[in-house]
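In what follows, a single structure is set out as structure tokens and then discussed.
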Amino acid sequence: MRIRSCLLAIALLPSASFANDTMADLKTGGLTYVQTLDIEMVKEDLFISRDEIRVDYVFRNTTDKPVSGIVAFPMPDIVGGMNANIAMDDMQADNFLGFSVTQDGEPVKVELEQRAIANSLDVTDALEEQDVPLLPFADATAEALADLDDEVATDFKERGMLFNDVYDDGDGMKEHRTPIWTLRSAYWWKVTFPPGRDIHVSHRYKPSVGGTVAVTFLDEGKPQGERFEVYKARYCIDDAFVKATRKLSPPSDDGQTLYTEAWISYILTTGNNWGGPIKSFTLTVDKGDPRNLISFCGSGVKKTGPTTFQMTAEDFSPQKDLEILILQHRPDE
């Protein structure tokens with residue numbers, strides 16, 4: 001596995017043949033802090049799997065006085081639309097990733113900041129005045145939009161907040177008011193870092209895992225074509241990974257593939273918001289089933305168990321974010 005500087009967006013590729021069978025992942029990451037040289041990240045232990053992301057930090061105030069500030073966890077943007085197909089287990093909850101945090105072993109009470117954006121303008125107040133929830137895909141949001149007065153709905157449409165989806169369901173023409181604003185959310189809390197003492201902060205959440213119903217980066221079973229080049233750059237696919245992929249069982253007679261793709265994105269570069277490099281960094285990635293294949297960019301990655309891979313670094317300054325590809329074996333029937 002090699003570190004590469006090139007990072008391309010899979011969304012830019014022509015992939016119409018996979019469009020109906022693809023679930024986009026939401027990019028998540030770690031904690032952010034107003035940039036300061038006073039607080040250094042002494043240690044970060046990052047664990048990533050399909051089921052959970054766990055991050056354990058040790059922070060240190062390098063001054064001789066208490067330092068206070070706001071620590072935040074930015075949630076990924078949720079973009080409304082008719083054809084939105086994103087990986088979210090809970091479309092109804094504001095805390096759709098199940099985020100939680102502790103400090104020195106005690107739960108932290110966090111605040112949630114949410115804003116709705118349409119056409120680069122903040123439309124939060126307009127939605128709240130009409131009792132419309134901000135989460136675009138929640139059932140309560142759909143119900144509130146359906147109940148809007150026509151005059152208000154027209155105003156929302158003109159402001160780029162919703163779209164009228166008109167269709168025939170076999171029983172005549174129907175109209176569905178579809179939200180098209182973007183929800184931006186962040187959990188935040190105030191922290192005071194005392195001088196001369198380490199602060200231990202841990203947070204947990206369920207990642208957004210995108211993917212497809214088949215292995216898509218080989219063209220006619222060969223490592224060629226534009227999509228393969230994007231995967232090669234994004235996930236640092238090497239010859240050994242390609243060889244293992246080509247040995248996977250072909251689709252069955254009914255067209256079902258034994259392996260599917262799963263994508264996990266993690267924003268590593270927020271680690272640069274603290275005073276200097278991360279003194280001690282450990283990344284552990286768990287591929288799940290031992291039959292699964294995994295590829296991601298890293299330096300000195302070692303296999304530490306039947307399903308786990310680990311990378312360690314000292315004085316680590318992440319230069320790019322982490323992209324993980326898992327070729328996962330379908331559960332046995």
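Naming scheme: A, B, ... for chains in displayed order of the structure tokens; residues 1 onward per chain; ligands 1 onward as shown.
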
Extract the full set of strand (DSSP E or B) residues from stretch 51-171 of chain A according to DSSP on the backbone, and format it as a PDB file with C-alpha atoms, in the first residue's frame.
```pdb
ATOM      1  CA  ILE A  53     -15.480   4.554  14.115  1.00  0.00           C
ATOM      2  CA  ARG A  54     -13.711   5.042  17.444  1.00  0.00           C
ATOM      3  CA  VAL A  55     -11.210   7.797  18.117  1.00  0.00           C
ATOM      4  CA  ASP A  56      -9.262   8.202  21.350  1.00  0.00           C
ATOM      5  CA  TYR A  57      -7.226  11.375  21.810  1.00  0.00           C
ATOM      6  CA  VAL A  58      -4.798  12.740  24.365  1.00  0.00           C
ATOM      7  CA  PHE A  59      -4.470  16.549  24.337  1.00  0.00           C
ATOM      8  CA  ARG A  60      -1.962  18.658  26.243  1.00  0.00           C
ATOM      9  CA  ASN A  61      -1.906  22.339  27.104  1.00  0.00           C
ATOM     10  CA  VAL A  67      -6.721  27.506  27.694  1.00  0.00           C
ATOM     11  CA  SER A  68     -10.412  27.421  26.776  1.00  0.00           C
ATOM     12  CA  GLY A  69     -12.009  26.983  23.416  1.00  0.00           C
ATOM     13  CA  ILE A  70     -14.711  25.341  21.347  1.00  0.00           C
ATOM     14  CA  VAL A  71     -14.245  21.775  20.134  1.00  0.00           C
ATOM     15  CA  ALA A  72     -16.552  20.660  17.328  1.00  0.00           C
ATOM     16  CA  PHE A  73     -17.453  17.519  15.427  1.00  0.00           C
ATOM     17  CA  PRO A  74     -18.747  18.481  11.960  1.00  0.00           C
ATOM     18  CA  ILE A  78     -27.018  16.085   3.915  1.00  0.00           C
ATOM     19  CA  VAL A  79     -28.056  17.271   0.467  1.00  0.00           C
ATOM     20  CA  ILE A  86     -26.829   8.094   0.473  1.00  0.00           C
ATOM     21  CA  SER A 100     -21.222  10.353  21.365  1.00  0.00           C
ATOM     22  CA  VAL A 101     -18.209  11.762  23.221  1.00  0.00           C
ATOM     23  CA  THR A 102     -16.518  11.393  26.611  1.00  0.00           C
ATOM     24  CA  GLN A 103     -13.820  13.436  28.347  1.00  0.00           C
ATOM     25  CA  GLU A 106     -17.227  11.019  31.582  1.00  0.00           C
ATOM     26  CA  PRO A 107     -19.995  11.709  29.026  1.00  0.00           C
ATOM     27  CA  GLU A 111     -24.789  21.189  21.636  1.00  0.00           C
ATOM     28  CA  LEU A 112     -26.103  20.646  18.113  1.00  0.00           C
ATOM     29  CA  GLU A 113     -25.840  23.498  15.598  1.00  0.00           C
ATOM     30  CA  GLN A 114     -27.883  22.990  12.405  1.00  0.00           C
ATOM     31  CA  ARG A 115     -28.371  25.279   9.434  1.00  0.00           C
ATOM     32  CA  ALA A 116     -30.251  24.767   6.175  1.00  0.00           C
ATOM     33  CA  ILE A 117     -28.648  26.235   3.048  1.00  0.00           C
ATOM     34  CA  ALA A 118     -30.257  26.824  -0.362  1.00  0.00           C
ATOM     35  CA  LEU A 121     -28.246  31.380   1.537  1.00  0.00           C
ATOM     36  CA  ASP A 122     -29.276  30.428   5.054  1.00  0.00           C
ATOM     37  CA  LEU A 162     -37.933  22.549  -2.774  1.00  0.00           C
ATOM     38  CA  PHE A 163     -38.899  21.010  -6.071  1.00  0.00           C
ATOM     39  CA  ASN A 164     -42.317  19.795  -7.163  1.00  0.00           C
ATOM     40  CA  ASP A 165     -41.931  16.236  -8.389  1.00  0.00           C
ATOM     41  CA  VAL A 166     -44.935  15.439 -10.596  1.00  0.00           C
ATOM     42  CA  TYR A 167     -45.515  11.822 -11.612  1.00  0.00           C
ATOM     43  CA  ASP A 168     -48.159   9.276 -12.568  1.00  0.00           C
TER      44      ASP A 168
END
```

(message) For A:Thr307, find every residue with an atom within 6 Å (counting only C-alpha atoms), except residues of its own chain fewer than 4 positions away, and show them as a list in words.
(response) Asp286, Lys287, Gly288 and Pro290 of chain A

(request) Measuring atom to atom with only C-alpha atoms, identify which of A:Gly210, A:Gly221, A:Gly80, A:Pro331 is nearest to A:Leu134. (result)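 Ranked by minimum distance to A:Leu134, first place goes to A:Gly80.
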
(request) Any chance you could list, as a ChimeraX atom specification, the residues in stretch 71-247 of chain A that come up alpha helix (DSSP H) when DSSP is run on the backbone? (result) /A:124-129,139-146,150-158,226-235,239-246

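Once A:His329 and its same-chain neighbours fewer than 5 positions away are set aside, Val213, Ala214, Val215, Thr245, Leu248, Ser249, Gln256, Thr257, Leu258, Tyr259, Thr260, Glu261, Ala262, Lys287, Gly288, Asp289, Pro290, Arg291, Asn292, Leu293 and Ile294 of chain A remain within 12 Å of it when counting only C-alpha atoms.
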
Would you mind exporting the chosen residues as a PDB file, in the first residue's frame, restricted to N, CA, C and O atoms?
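selection.pdb, written as the output of this step:
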```pdb
ATOM      1  N   VAL A 213     -23.318  -3.025  -5.736  1.00  0.00           N
ATOM      2  CA  VAL A 213     -23.721  -4.427  -5.601  1.00  0.00           C
ATOM      3  C   VAL A 213     -22.797  -5.373  -6.356  1.00  0.00           C
ATOM      4  O   VAL A 213     -23.074  -6.554  -6.472  1.00  0.00           O
ATOM      5  N   ALA A 214     -21.699  -4.844  -6.872  1.00  0.00           N
ATOM      6  CA  ALA A 214     -20.760  -5.674  -7.623  1.00  0.00           C
ATOM      7  C   ALA A 214     -19.375  -5.055  -7.521  1.00  0.00           C
ATOM      8  O   ALA A 214     -19.203  -3.964  -6.990  1.00  0.00           O
ATOM      9  N   VAL A 215     -18.371  -5.749  -8.024  1.00  0.00           N
ATOM     10  CA  VAL A 215     -17.028  -5.198  -8.139  1.00  0.00           C
ATOM     11  C   VAL A 215     -16.950  -4.473  -9.475  1.00  0.00           C
ATOM     12  O   VAL A 215     -17.113  -5.083 -10.533  1.00  0.00           O
ATOM     13  N   THR A 245      -8.380  -9.884  -6.511  1.00  0.00           N
ATOM     14  CA  THR A 245      -9.718  -9.561  -7.000  1.00  0.00           C
ATOM     15  C   THR A 245     -10.081 -10.412  -8.206  1.00  0.00           C
ATOM     16  O   THR A 245     -11.215 -10.900  -8.328  1.00  0.00           O
ATOM     17  N   LEU A 248     -11.557 -13.806  -7.512  1.00  0.00           N
ATOM     18  CA  LEU A 248     -12.854 -13.932  -6.856  1.00  0.00           C
ATOM     19  C   LEU A 248     -13.844 -14.666  -7.752  1.00  0.00           C
ATOM     20  O   LEU A 248     -13.735 -14.637  -8.982  1.00  0.00           O
ATOM     21  N   SER A 249     -14.810 -15.298  -7.124  1.00  0.00           N
ATOM     22  CA  SER A 249     -15.795 -16.080  -7.876  1.00  0.00           C
ATOM     23  C   SER A 249     -16.579 -15.180  -8.835  1.00  0.00           C
ATOM     24  O   SER A 249     -16.981 -14.065  -8.460  1.00  0.00           O
ATOM     25  N   GLN A 256     -26.077 -12.854  -9.714  1.00  0.00           N
ATOM     26  CA  GLN A 256     -25.665 -12.380  -8.403  1.00  0.00           C
ATOM     27  C   GLN A 256     -24.146 -12.526  -8.237  1.00  0.00           C
ATOM     28  O   GLN A 256     -23.572 -13.561  -8.565  1.00  0.00           O
ATOM     29  N   THR A 257     -23.509 -11.462  -7.761  1.00  0.00           N
ATOM     30  CA  THR A 257     -22.076 -11.520  -7.504  1.00  0.00           C
ATOM     31  C   THR A 257     -21.839 -11.907  -6.051  1.00  0.00           C
ATOM     32  O   THR A 257     -22.618 -11.561  -5.162  1.00  0.00           O
ATOM     33  N   LEU A 258     -20.741 -12.619  -5.809  1.00  0.00           N
ATOM     34  CA  LEU A 258     -20.435 -13.068  -4.463  1.00  0.00           C
ATOM     35  C   LEU A 258     -19.824 -11.944  -3.621  1.00  0.00           C
ATOM     36  O   LEU A 258     -19.917 -11.944  -2.398  1.00  0.00           O
ATOM     37  N   TYR A 259     -19.211 -10.951  -4.293  1.00  0.00           N
ATOM     38  CA  TYR A 259     -18.567  -9.838  -3.600  1.00  0.00           C
ATOM     39  C   TYR A 259     -19.165  -8.504  -4.046  1.00  0.00           C
ATOM     40  O   TYR A 259     -19.556  -8.346  -5.203  1.00  0.00           O
ATOM     41  N   THR A 260     -19.216  -7.564  -3.117  1.00  0.00           N
ATOM     42  CA  THR A 260     -19.675  -6.209  -3.397  1.00  0.00           C
ATOM     43  C   THR A 260     -18.631  -5.226  -2.885  1.00  0.00           C
ATOM     44  O   THR A 260     -17.749  -5.582  -2.092  1.00  0.00           O
ATOM     45  N   GLU A 261     -18.735  -3.970  -3.331  1.00  0.00           N
ATOM     46  CA  GLU A 261     -17.816  -2.936  -2.867  1.00  0.00           C
ATOM     47  C   GLU A 261     -18.423  -2.159  -1.696  1.00  0.00           C
ATOM     48  O   GLU A 261     -19.619  -1.880  -1.680  1.00  0.00           O
ATOM     49  N   ALA A 262     -17.579  -1.796  -0.740  1.00  0.00           N
ATOM     50  CA  ALA A 262     -17.971  -0.883   0.342  1.00  0.00           C
ATOM     51  C   ALA A 262     -16.922   0.211   0.414  1.00  0.00           C
ATOM     52  O   ALA A 262     -15.717  -0.057   0.304  1.00  0.00           O
ATOM     53  N   LYS A 287     -11.477  -5.085   8.329  1.00  0.00           N
ATOM     54  CA  LYS A 287     -12.219  -5.361   7.105  1.00  0.00           C
ATOM     55  C   LYS A 287     -13.459  -6.228   7.338  1.00  0.00           C
ATOM     56  O   LYS A 287     -14.224  -6.491   6.412  1.00  0.00           O
ATOM     57  N   GLY A 288     -13.671  -6.692   8.585  1.00  0.00           N
ATOM     58  CA  GLY A 288     -14.851  -7.502   8.874  1.00  0.00           C
ATOM     59  C   GLY A 288     -14.592  -8.975   8.669  1.00  0.00           C
ATOM     60  O   GLY A 288     -13.846  -9.610   9.414  1.00  0.00           O
ATOM     61  N   ASP A 289     -15.190  -9.542   7.654  1.00  0.00           N
ATOM     62  CA  ASP A 289     -15.055 -10.967   7.340  1.00  0.00           C
ATOM     63  C   ASP A 289     -13.637 -11.267   6.835  1.00  0.00           C
ATOM     64  O   ASP A 289     -13.109 -10.532   6.002  1.00  0.00           O
ATOM     65  N   PRO A 290     -13.007 -12.362   7.320  1.00  0.00           N
ATOM     66  CA  PRO A 290     -11.676 -12.710   6.814  1.00  0.00           C
ATOM     67  C   PRO A 290     -11.636 -12.925   5.306  1.00  0.00           C
ATOM     68  O   PRO A 290     -10.564 -12.807   4.686  1.00  0.00           O
ATOM     69  N   ARG A 291     -12.779 -13.226   4.707  1.00  0.00           N
ATOM     70  CA  ARG A 291     -12.819 -13.433   3.260  1.00  0.00           C
ATOM     71  C   ARG A 291     -12.805 -12.125   2.483  1.00  0.00           C
ATOM     72  O   ARG A 291     -12.612 -12.123   1.257  1.00  0.00           O
ATOM     73  N   ASN A 292     -13.036 -11.007   3.161  1.00  0.00           N
ATOM     74  CA  ASN A 292     -13.061  -9.718   2.488  1.00  0.00           C
ATOM     75  C   ASN A 292     -11.657  -9.297   2.054  1.00  0.00           C
ATOM     76  O   ASN A 292     -10.653  -9.702   2.643  1.00  0.00           O
ATOM     77  N   LEU A 293     -11.608  -8.434   1.041  1.00  0.00           N
ATOM     78  CA  LEU A 293     -10.362  -7.809   0.608  1.00  0.00           C
ATOM     79  C   LEU A 293     -10.432  -6.327   0.945  1.00  0.00           C
ATOM     80  O   LEU A 293     -11.509  -5.732   0.951  1.00  0.00           O
ATOM     81  N   ILE A 294      -9.275  -5.699   1.210  1.00  0.00           N
ATOM     82  CA  ILE A 294      -9.257  -4.296   1.604  1.00  0.00           C
ATOM     83  C   ILE A 294      -8.061  -3.593   0.983  1.00  0.00           C
ATOM     84  O   ILE A 294      -7.001  -4.194   0.796  1.00  0.00           O
TER      85      ILE A 294
END
```

(request) Between atom CA of A:Thr124 and atom CA of A:Val108, measure the distance and give it in Å to one decimal. (result)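 Result for atom CA of A:Thr124 versus atom CA of A:Val108: 26.5 Å, one decimal.
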
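Relative to atom CA of A:Tyr187, atom CA of A:Val123 is found at 19.7 Å.
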
(request) Calculate how many Å separate atom CA of A:Ser265 from atom CA of A:Gln319, rounding to one decimal. (result)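 Between these atoms lies a distance of 14.7 Å.
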
(message) So that I can see what lies close to A:Leu135, please list as JSON, numbers by chain the residues with an atom at most 7 Å from it, counting only C-alpha atoms and leaving out residues fewer than 3 positions away in the same chain.
(response) {"A": [94, 138, 141, 183]}

(request) Please provide as a PyMOL selection string all residues within 10 Å of A:Asn119, with the sequence filter that same-chain residues fewer than 5 positions apart are discarded (counting only C-alpha atoms). (result) chain A and resi 159-161+180-182

Would you write out those residues with N, CA and C atoms, as a PDB file, in the first residue's frame?
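Output file part11.pdb follows:
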```
ATOM      1  N   ARG A 159     -37.144  30.075  -4.089  1.00  0.00           N
ATOM      2  CA  ARG A 159     -35.895  30.286  -3.353  1.00  0.00           C
ATOM      3  C   ARG A 159     -34.957  29.086  -3.446  1.00  0.00           C
ATOM      4  N   GLY A 160     -35.337  28.070  -4.201  1.00  0.00           N
ATOM      5  CA  GLY A 160     -34.485  26.896  -4.374  1.00  0.00           C
ATOM      6  C   GLY A 160     -34.467  25.974  -3.185  1.00  0.00           C
ATOM      7  N   MET A 161     -35.563  25.977  -2.412  1.00  0.00           N
ATOM      8  CA  MET A 161     -35.638  25.143  -1.219  1.00  0.00           C
ATOM      9  C   MET A 161     -36.355  23.829  -1.471  1.00  0.00           C
ATOM     10  N   ILE A 180     -34.762  20.307  -1.367  1.00  0.00           N
ATOM     11  CA  ILE A 180     -33.481  20.326  -2.085  1.00  0.00           C
ATOM     12  C   ILE A 180     -32.464  21.221  -1.385  1.00  0.00           C
ATOM     13  N   TRP A 181     -32.743  21.564  -0.119  1.00  0.00           N
ATOM     14  CA  TRP A 181     -31.735  22.321   0.617  1.00  0.00           C
ATOM     15  C   TRP A 181     -30.670  21.383   1.154  1.00  0.00           C
ATOM     16  N   THR A 182     -29.579  21.961   1.637  1.00  0.00           N
ATOM     17  CA  THR A 182     -28.482  21.213   2.246  1.00  0.00           C
ATOM     18  C   THR A 182     -28.479  21.466   3.752  1.00  0.00           C
TER      19      THR A 182
END
```
